[in-house]
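Trainee: So that you have it, the file is target33.txt, and it contains compact mmCIF, C-alpha atoms and all ligand atoms:
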# COMPACT_ATOMS: atom_id res chain seq x y z
CA MET A 1 106.71 102.47 74.19
CA GLU A 2 102.98 102.45 73.63
CA MET A 3 100.41 105.11 74.33
CA GLU A 4 96.85 104.62 75.40
CA LYS A 5 94.02 107.10 75.78
CA ILE A 6 92.15 107.24 79.05
CA LYS A 7 89.28 109.52 79.96
CA CYS A 8 89.82 111.88 82.90
CA PRO A 9 87.12 111.15 85.48
CA GLY A 10 87.30 114.80 86.56
CA CYS A 11 86.70 116.68 83.31
CA GLY A 12 86.33 114.03 80.59
CA HIS A 13 89.50 115.10 78.78
CA GLU A 14 91.24 112.33 76.84
CA ILE A 15 94.67 111.85 78.38
CA ASN A 16 97.53 110.16 76.55
CA MET A 17 99.12 107.66 78.89
CA GLU A 18 102.44 105.87 78.45
CA ILE A 19 102.07 102.10 78.64
CA HIS A 20 104.98 99.91 79.72
CA GLU A 21 104.07 96.29 78.97
CA PHE A 22 107.47 94.85 79.87
CA VAL A 23 109.50 96.26 82.70
CA ASP A 24 113.01 94.95 83.36
CA VAL A 25 114.14 96.61 86.57
CA GLU A 26 117.70 95.40 86.24
CA THR A 27 118.22 97.43 83.06
CA ASP A 28 115.72 100.15 84.04
CA PRO A 29 115.78 100.50 87.84
CA GLU A 30 113.68 103.67 87.71
CA TYR A 31 110.60 101.56 86.96
CA LYS A 32 110.99 99.75 90.25
CA GLU A 33 111.21 103.15 91.94
CA ARG A 34 108.02 104.23 90.16
CA ILE A 35 106.15 101.10 91.23
CA MET A 36 107.35 101.55 94.83
CA ASN A 37 106.23 105.16 95.02
CA GLY A 38 103.00 104.43 93.16
CA SER A 39 103.65 106.80 90.25
CA LEU A 40 103.84 104.22 87.43
CA PHE A 41 100.08 103.79 87.26
CA LEU A 42 99.18 107.36 88.13
CA VAL A 43 98.24 109.79 85.37
CA ARG A 44 97.71 113.51 85.82
CA CYS A 45 95.17 115.24 83.64
CA PRO A 46 96.82 118.15 81.77
CA GLU A 47 93.47 119.97 81.68
CA CYS A 48 92.20 119.86 85.27
CA GLY A 49 95.16 118.43 87.19
CA GLU A 50 93.23 115.50 88.63
CA GLU A 51 95.26 112.34 89.24
CA THR A 52 93.82 108.98 88.25
CA LEU A 53 94.97 105.46 89.00
CA ALA A 54 95.09 103.56 85.71
CA GLU A 55 96.40 100.02 86.09
CA TYR A 56 97.10 97.94 82.98
CA PRO A 57 98.84 94.57 82.41
CA VAL A 58 102.59 94.70 83.04
CA MET A 59 105.23 91.99 82.97
CA TYR A 60 107.61 92.89 85.80
CA MET A 61 111.02 91.26 85.50
CA ASP A 62 113.91 91.32 87.95
CA PRO A 63 116.51 88.91 86.52
CA SER A 64 118.89 89.55 89.45
CA LYS A 65 116.30 87.92 91.72
CA LYS A 66 114.97 85.52 89.05
CA LEU A 67 111.60 87.10 89.74
CA THR A 68 108.89 87.64 87.13
CA VAL A 69 105.49 88.96 88.14
CA TYR A 70 102.72 89.42 85.63
CA MET A 71 100.32 92.04 86.89
CA ALA A 72 96.98 91.53 85.18
CA PRO A 73 94.15 93.63 86.63
CA GLY A 74 90.78 91.90 86.36
CA HIS A 75 92.22 88.92 84.50
CA ASP A 76 89.98 85.96 83.79
CA ASP A 77 90.34 82.39 85.03
CA SER A 78 92.04 81.17 81.88
CA LEU A 79 95.09 83.43 82.23
CA LEU A 80 97.22 80.93 84.16
CA THR A 81 96.33 78.17 81.71
CA GLN A 82 97.40 80.42 78.85
CA LEU A 83 100.64 81.48 80.51
CA ASN A 84 101.49 77.90 81.43
CA SER A 85 100.49 76.27 78.15
CA LEU A 86 103.98 76.57 76.71
CA GLU A 87 105.87 73.36 77.38
CA MET A 88 109.58 74.02 77.69
CA PRO A 89 112.28 71.37 77.34
CA GLU A 90 113.20 70.32 80.87
CA ALA A 91 116.80 71.44 80.46
CA GLU A 92 115.63 74.99 79.72
CA VAL A 93 113.44 75.32 82.79
CA ASP A 94 115.10 77.37 85.51
CA THR A 95 114.04 75.60 88.72
CA GLU A 96 114.96 78.67 90.80
CA ALA A 97 112.83 81.10 88.81
CA VAL A 98 109.84 82.59 90.61
CA LEU A 99 106.85 83.22 88.32
CA ARG A 100 103.79 84.92 89.73
CA VAL A 101 100.53 86.52 88.67
CA VAL A 102 98.92 89.37 90.63
CA GLU A 103 95.78 91.46 90.21
CA SER A 104 96.86 94.95 91.21
CA GLY A 105 99.69 97.38 91.72
CA GLU A 106 99.35 96.90 95.45
CA GLU A 107 99.86 93.15 95.10
CA LEU A 108 102.77 93.70 92.73
CA LEU A 109 104.43 95.99 95.25
CA GLU A 110 103.97 93.41 98.00
CA LYS A 111 105.60 90.69 95.87
CA ILE A 112 108.55 92.98 95.09
CA LEU A 113 109.06 93.73 98.78
CA ILE A 114 108.71 90.05 99.78
CA PHE A 115 111.44 88.94 97.40
CA ASP A 116 113.61 91.98 98.22
CA GLY A 117 113.29 90.89 101.84
CA GLY A 118 114.43 87.38 100.98
CA ARG A 119 111.12 85.85 102.05
CA ASP A 120 108.91 83.26 100.37
CA ASP A 121 105.43 84.50 99.49
CA ARG A 122 103.85 81.05 100.02
CA VAL A 123 105.12 80.89 103.60
CA LEU A 124 103.97 84.47 104.21
CA GLU A 125 100.41 83.70 103.03
CA LEU A 126 100.35 80.92 105.60
CA TYR A 127 101.82 83.24 108.22
CA LYS A 128 99.04 85.80 107.55
CA ALA A 129 96.37 83.12 107.99
CA ILE A 130 97.91 82.14 111.33
CA ILE A 131 97.96 85.77 112.50
CA VAL A 132 94.24 86.07 111.76
CA GLU A 133 93.54 82.86 113.69
CA ASN A 134 95.63 83.99 116.65
CA ILE A 135 94.03 87.41 117.02
CA ARG A 136 90.50 86.32 116.13
CA ASP A 137 89.18 86.63 119.70
CA GLU A 138 90.57 90.11 120.23
CA TRP A 139 90.22 91.47 116.67
CA PRO A 140 87.45 89.50 114.94
CA GLN A 141 87.11 92.14 112.22
CA ILE A 142 90.65 91.76 110.85
CA ARG A 143 90.74 89.74 107.62
CA ARG A 144 93.71 88.25 105.82
CA GLU A 145 93.43 90.77 102.98
CA ASP A 146 94.04 93.56 105.50
CA ILE A 147 97.50 92.16 106.24
CA LEU A 148 100.31 93.25 103.96
CA TYR A 149 103.99 92.50 104.08
CA PHE A 150 106.26 95.51 104.40
CA LEU A 151 110.02 95.95 104.13
CA ASP A 152 111.65 99.04 105.58
CA GLU A 153 115.42 99.18 105.04
CA ASP A 154 116.38 95.72 106.33
CA GLU A 155 113.52 95.28 108.78
CA ASP A 156 110.34 93.54 107.69
CA TYR A 157 106.92 93.20 109.29
CA PHE A 158 103.22 93.05 108.47
CA ILE A 159 101.05 96.13 108.30
CA ILE A 160 97.40 95.70 109.18
CA TRP A 161 95.61 98.17 106.96
CA ASN A 162 92.87 100.37 108.37
CA PHE A 163 93.51 99.25 111.93
CA GLU A 164 95.14 101.31 114.61
CA ASN A 165 96.60 100.21 117.92
CA LEU A 166 95.59 101.75 121.25
CA ALA A 167 98.10 104.57 120.72
CA GLY A 168 96.37 105.49 117.44
CA GLU A 169 99.25 104.22 115.30
CA GLN A 170 99.12 101.95 112.26
CA MET A 171 98.89 98.41 113.57
CA THR A 172 101.85 96.20 112.69
CA VAL A 173 102.87 92.64 113.46
CA ASN A 174 106.52 91.67 113.70
CA ILE A 175 107.72 88.60 111.85
CA ASP A 176 108.98 86.00 114.27
CA ASP A 177 111.91 84.41 112.41
CA GLU A 178 111.66 81.22 114.43
CA LEU A 179 108.00 80.77 113.49
CA TYR A 180 108.73 81.72 109.87
CA ASP A 181 111.52 79.12 109.62
CA GLN A 182 109.33 76.50 111.27
CA LEU A 183 106.46 77.12 108.85
CA LYS A 184 108.86 76.99 105.93
CA GLU A 185 110.30 73.69 107.08
CA ASP A 186 106.96 72.08 107.92
CA TYR A 187 104.75 73.34 105.09
CA LEU A 188 106.85 74.26 102.07
CA PRO A 189 106.66 70.71 100.69
CA ALA A 190 102.84 70.99 100.73
CA LEU A 191 103.13 74.38 99.00
CA SER A 192 105.54 73.34 96.27
CA LEU A 193 105.01 74.64 92.74
CA PRO A 194 105.98 73.11 89.40
CA ALA A 195 109.16 74.67 88.02
CA GLY A 196 108.75 77.09 85.15
CA LYS A 197 105.02 77.66 85.73
CA TYR A 198 103.19 80.80 86.83
CA ALA A 199 101.12 80.77 90.02
CA GLU A 200 98.79 83.30 91.61
CA VAL A 201 99.92 82.90 95.21
CA ASN A 202 97.27 84.49 97.40
CA GLN A 203 94.73 83.49 100.07
CA ALA A 204 92.62 81.40 97.71
CA TRP A 205 95.72 79.61 96.49
CA LEU A 206 96.71 78.80 100.07
CA ASP A 207 93.20 77.65 100.99
CA GLU A 208 93.28 75.11 98.17
CA ARG A 209 96.33 73.53 99.78
CA ILE A 210 96.16 74.01 103.53
CA ASN A 211 93.19 74.36 105.82
CA VAL A 212 94.33 76.80 108.50
CA GLU A 213 91.06 77.25 110.39
CA PRO A 214 90.69 74.95 113.39
ZN ZN B 1 90.72 116.37 83.77
Write the structure described by the file as structure tokens, please.
Ligand SMILES: [Zn+2]

Mentor:
Amino acid sequence: MEMEKIKCPGCGHEINMEIHEFVDVETDPEYKERIMNGSLFLVRCPECGEETLAEYPVMYMDPSKKLTVYMAPGHDDSLLTQLNSLEMPEAEVDTEAVLRVVESGEELLEKILIFDGGRDDRVLELYKAIIVENIRDEWPQIRREDILYFLDEDEDYFIIWNFENLAGEQMTVNIDDELYDQLKEDYLPALSLPAGKYAEVNQAWLDERINVEP
């Protein structure tokens, strides 16, 4: 385990923070718990008690789901090229492995939930874009980045952040399984990814492949 010093924004005290560069949640399930409840990247200042969000690069691995997500806050454009520069012999490439790059703890959490829920993140990015198109007339201010996948027990849906319905509750959108399956069938070939390579599947990634706007 590594330690890093960060400066408390409250009092300026130098806090020693534990850094976990590689997290295997099959062998250490508590790390998944800590990502889910947001505590992995939260440090409390021993001097003044203030809590600070300190995100750093983490390789998240869940071998049981063949899922690897590299969380790299503020990474530069060359990261994917670097990660994908290693050419592996074809026989060693696991075609079922999912390799992703994300920018933040929030995005990492969403990926974890998506694959826990048995969904495909590429199809869900497309689904989000369709939601925005469908509600554009009624809710022109809702953007795709406001829509996040959520999994609660075995039920999954989208949460629209910062928007409330008429009853003053957090706005959610149910996932229509028929539509999801249809999108998967119709568009997954256009959204295919090379085996054994990392991809940053987000809105920009989708926009490079499919033009959703009419
Ligand atoms: Zn402090």

Trainee: Around (96.5, 96.5, 108.4), as given in the file, which residues come within 7 Å? Count all atoms listed in the file and list them as a PyMOL selection string.

Mentor: chain A and resi 146-148+159-163+171-172

Trainee: Would you save the residues from that selection as a PDB file, in the frame of the given file, using C-alpha atoms?

Mentor:
ATOM      1  CA  ASP A 146      94.040  93.560 105.500  1.00  0.00           C
ATOM      2  CA  ILE A 147      97.500  92.160 106.240  1.00  0.00           C
ATOM      3  CA  LEU A 148     100.310  93.250 103.960  1.00  0.00           C
ATOM      4  CA  ILE A 159     101.050  96.130 108.300  1.00  0.00           C
ATOM      5  CA  ILE A 160      97.400  95.700 109.180  1.00  0.00           C
ATOM      6  CA  TRP A 161      95.610  98.170 106.960  1.00  0.00           C
ATOM      7  CA  ASN A 162      92.870 100.370 108.370  1.00  0.00           C
ATOM      8  CA  PHE A 163      93.510  99.250 111.930  1.00  0.00           C
ATOM      9  CA  MET A 171      98.890  98.410 113.570  1.00  0.00           C
ATOM     10  CA  THR A 172     101.850  96.200 112.690  1.00  0.00           C
TER      11      THR A 172
END

Trainee: Counting only C-alpha atoms, find residues at most 10 Å from (84.5, 122.1, 79.7) (file frame) and give them as a PyMOL selection string.

Mentor: chain A and resi 11-13+47-48

Trainee: Identify which of the residues A:Ile15, A:Ile114, A:Leu40, A:Val102 lies closest to ligand ZN 1 (chain B), counting only C-alpha atoms and all ligand atoms when measuring atom-to-atom distances.

Mentor: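 For ligand ZN 1 (chain B), the nearest of the given residues is A:Ile15.
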
Trainee: For the contact check between chain A and ligand ZN 1 (chain B), emit one row per residue of chain A within 12 Å, containing the shortest atom pair and the distance in Å rounded to one decimal, counting only C-alpha atoms and all ligand atoms, chain then rising number order, as a tab-separated table.

Mentor:
residue	atom	partner	partner_atom	distance
A:Ile6	CA	B:ZN1	ZN	10.4
A:Lys7	CA	B:ZN1	ZN	8.0
A:Cys8	CA	B:ZN1	ZN	4.7
A:Pro9	CA	B:ZN1	ZN	6.6
A:Gly10	CA	B:ZN1	ZN	4.7
A:Cys11	CA	B:ZN1	ZN	4.1
A:Gly12	CA	B:ZN1	ZN	5.9
A:His13	CA	B:ZN1	ZN	5.3
A:Glu14	CA	B:ZN1	ZN	8.0
A:Ile15	CA	B:ZN1	ZN	8.1
A:Asn16	CA	B:ZN1	ZN	11.7
A:Val43	CA	B:ZN1	ZN	10.1
A:Arg44	CA	B:ZN1	ZN	7.8
A:Cys45	CA	B:ZN1	ZN	4.6
A:Pro46	CA	B:ZN1	ZN	6.7
A:Glu47	CA	B:ZN1	ZN	5.0
A:Cys48	CA	B:ZN1	ZN	4.1
A:Gly49	CA	B:ZN1	ZN	6.0
A:Glu50	CA	B:ZN1	ZN	5.5
A:Glu51	CA	B:ZN1	ZN	8.2
A:Thr52	CA	B:ZN1	ZN	9.2

Trainee: For Asn165 (chain A), which residue among A:Glu138, A:Ala129, A:Leu67, A:Thr81 is the nearest when counting all atoms listed in the file?

Mentor: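 Using all atoms listed in the file, Asn165 (chain A) sits closest to A:Glu138.
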
Trainee: Taking a cut-off of 9 Å and counting all atoms listed in the file, can you build a table that, for each residue of region 30-116 of chain A near region 200-210 of chain A, reports the nearest atom pair and how far apart they are in Å (one decimal), sorted by chain then residue number, as JSON lines?

Mentor:
{"residue": "A:Leu80", "atom": "CA", "partner": "A:Glu200", "partner_atom": "CA", "distance": 8.0}
{"residue": "A:Leu99", "atom": "CA", "partner": "A:Glu200", "partner_atom": "CA", "distance": 8.7}
{"residue": "A:Arg100", "atom": "CA", "partner": "A:Glu200", "partner_atom": "CA", "distance": 5.6}
{"residue": "A:Val101", "atom": "CA", "partner": "A:Glu200", "partner_atom": "CA", "distance": 4.7}
{"residue": "A:Val102", "atom": "CA", "partner": "A:Glu200", "partner_atom": "CA", "distance": 6.1}
{"residue": "A:Glu103", "atom": "CA", "partner": "A:Glu200", "partner_atom": "CA", "distance": 8.8}

Trainee: Give one line per residue of region 123-176 of chain A that approaches region 180-195 of chain A to at most 8 Å, naming the two atoms of the closest pair and their distance in Å to one decimal, counting all atoms listed in the file; sort by chain then ascending residue number and deliver it as a Markdown table.

Mentor:
| residue | atom | partner | partner_atom | distance |
| --- | --- | --- | --- | --- |
| A:Val123 | CA | A:Lys184 | CA | 5.9 |
| A:Leu124 | CA | A:Tyr180 | CA | 7.9 |
| A:Leu126 | CA | A:Leu183 | CA | 7.9 |
| A:Tyr127 | CA | A:Tyr180 | CA | 7.3 |
| A:Ile175 | CA | A:Tyr180 | CA | 7.2 |
| A:Asp176 | CA | A:Tyr180 | CA | 6.1 |

Trainee: What does the structure give for the distance between CA of Val173 (chain A) and CA of Phe158 (chain A), in Å to one decimal?

Mentor: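 Interatomic distance here is 5.0 Å.
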
Trainee: Kindly give the distance, in Å, that separates CA of Leu109 (chain A) and CA of Lys5 (chain A), rounded to a single decimal.

Mentor: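 Computed distance, CA of Leu109 (chain A) to CA of Lys5 (chain A), equals 24.7 Å.
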
Trainee: So how far away is CA of Leu108 (chain A) from CA of Ile131 (chain A), in Å?

Mentor: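 One can read the CA of Ile131 (chain A) to CA of Leu108 (chain A) distance as 21.8 Å.
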
Trainee: So which one's closest to Tyr56 (chain A), A:Phe22, A:Phe115, A:Tyr31, A:Tyr198? Using only C-alpha atoms, please.

Mentor: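 Once distances to Tyr56 (chain A) are computed over only C-alpha atoms, the minimum belongs to A:Phe22.
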
Trainee: Between A:Asp121, A:Leu151, A:Asn84, A:Glu4, which has the minimum distance to Asn174 (chain A) (counting all atoms listed in the file)?

Mentor: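 Ranking A:Asp121, A:Leu151, A:Asn84, A:Glu4 by distance to Asn174 (chain A), first place goes to A:Leu151.
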
Trainee: From the structure block, carefully write region 130-148 of chain A out with C-alpha atoms; format it as a CSV table (one decimal), in the first residue's frame.

Mentor:
chain,number,residue,atom,x,y,z
A,130,ILE,CA,-32.7,8.5,-27.0
A,131,ILE,CA,-34.3,9.5,-23.6
A,132,VAL,CA,-32.9,13.0,-24.1
A,133,GLU,CA,-34.4,13.2,-27.6
A,134,ASN,CA,-37.7,11.9,-26.5
A,135,ILE,CA,-38.2,14.3,-23.6
A,136,ARG,CA,-36.6,17.3,-25.4
A,137,ASP,CA,-39.9,19.2,-25.9
A,138,GLU,CA,-41.0,18.8,-22.3
A,139,TRP,CA,-37.6,19.0,-20.6
A,140,PRO,CA,-35.2,20.9,-22.9
A,141,GLN,CA,-32.8,21.5,-20.0
A,142,ILE,CA,-32.0,17.8,-19.4
A,143,ARG,CA,-28.6,16.8,-20.8
A,144,ARG,CA,-27.2,13.3,-21.3
A,145,GLU,CA,-24.7,13.8,-18.5
A,146,ASP,CA,-27.5,14.3,-16.1
A,147,ILE,CA,-28.7,10.7,-16.7
A,148,LEU,CA,-27.1,8.0,-14.6
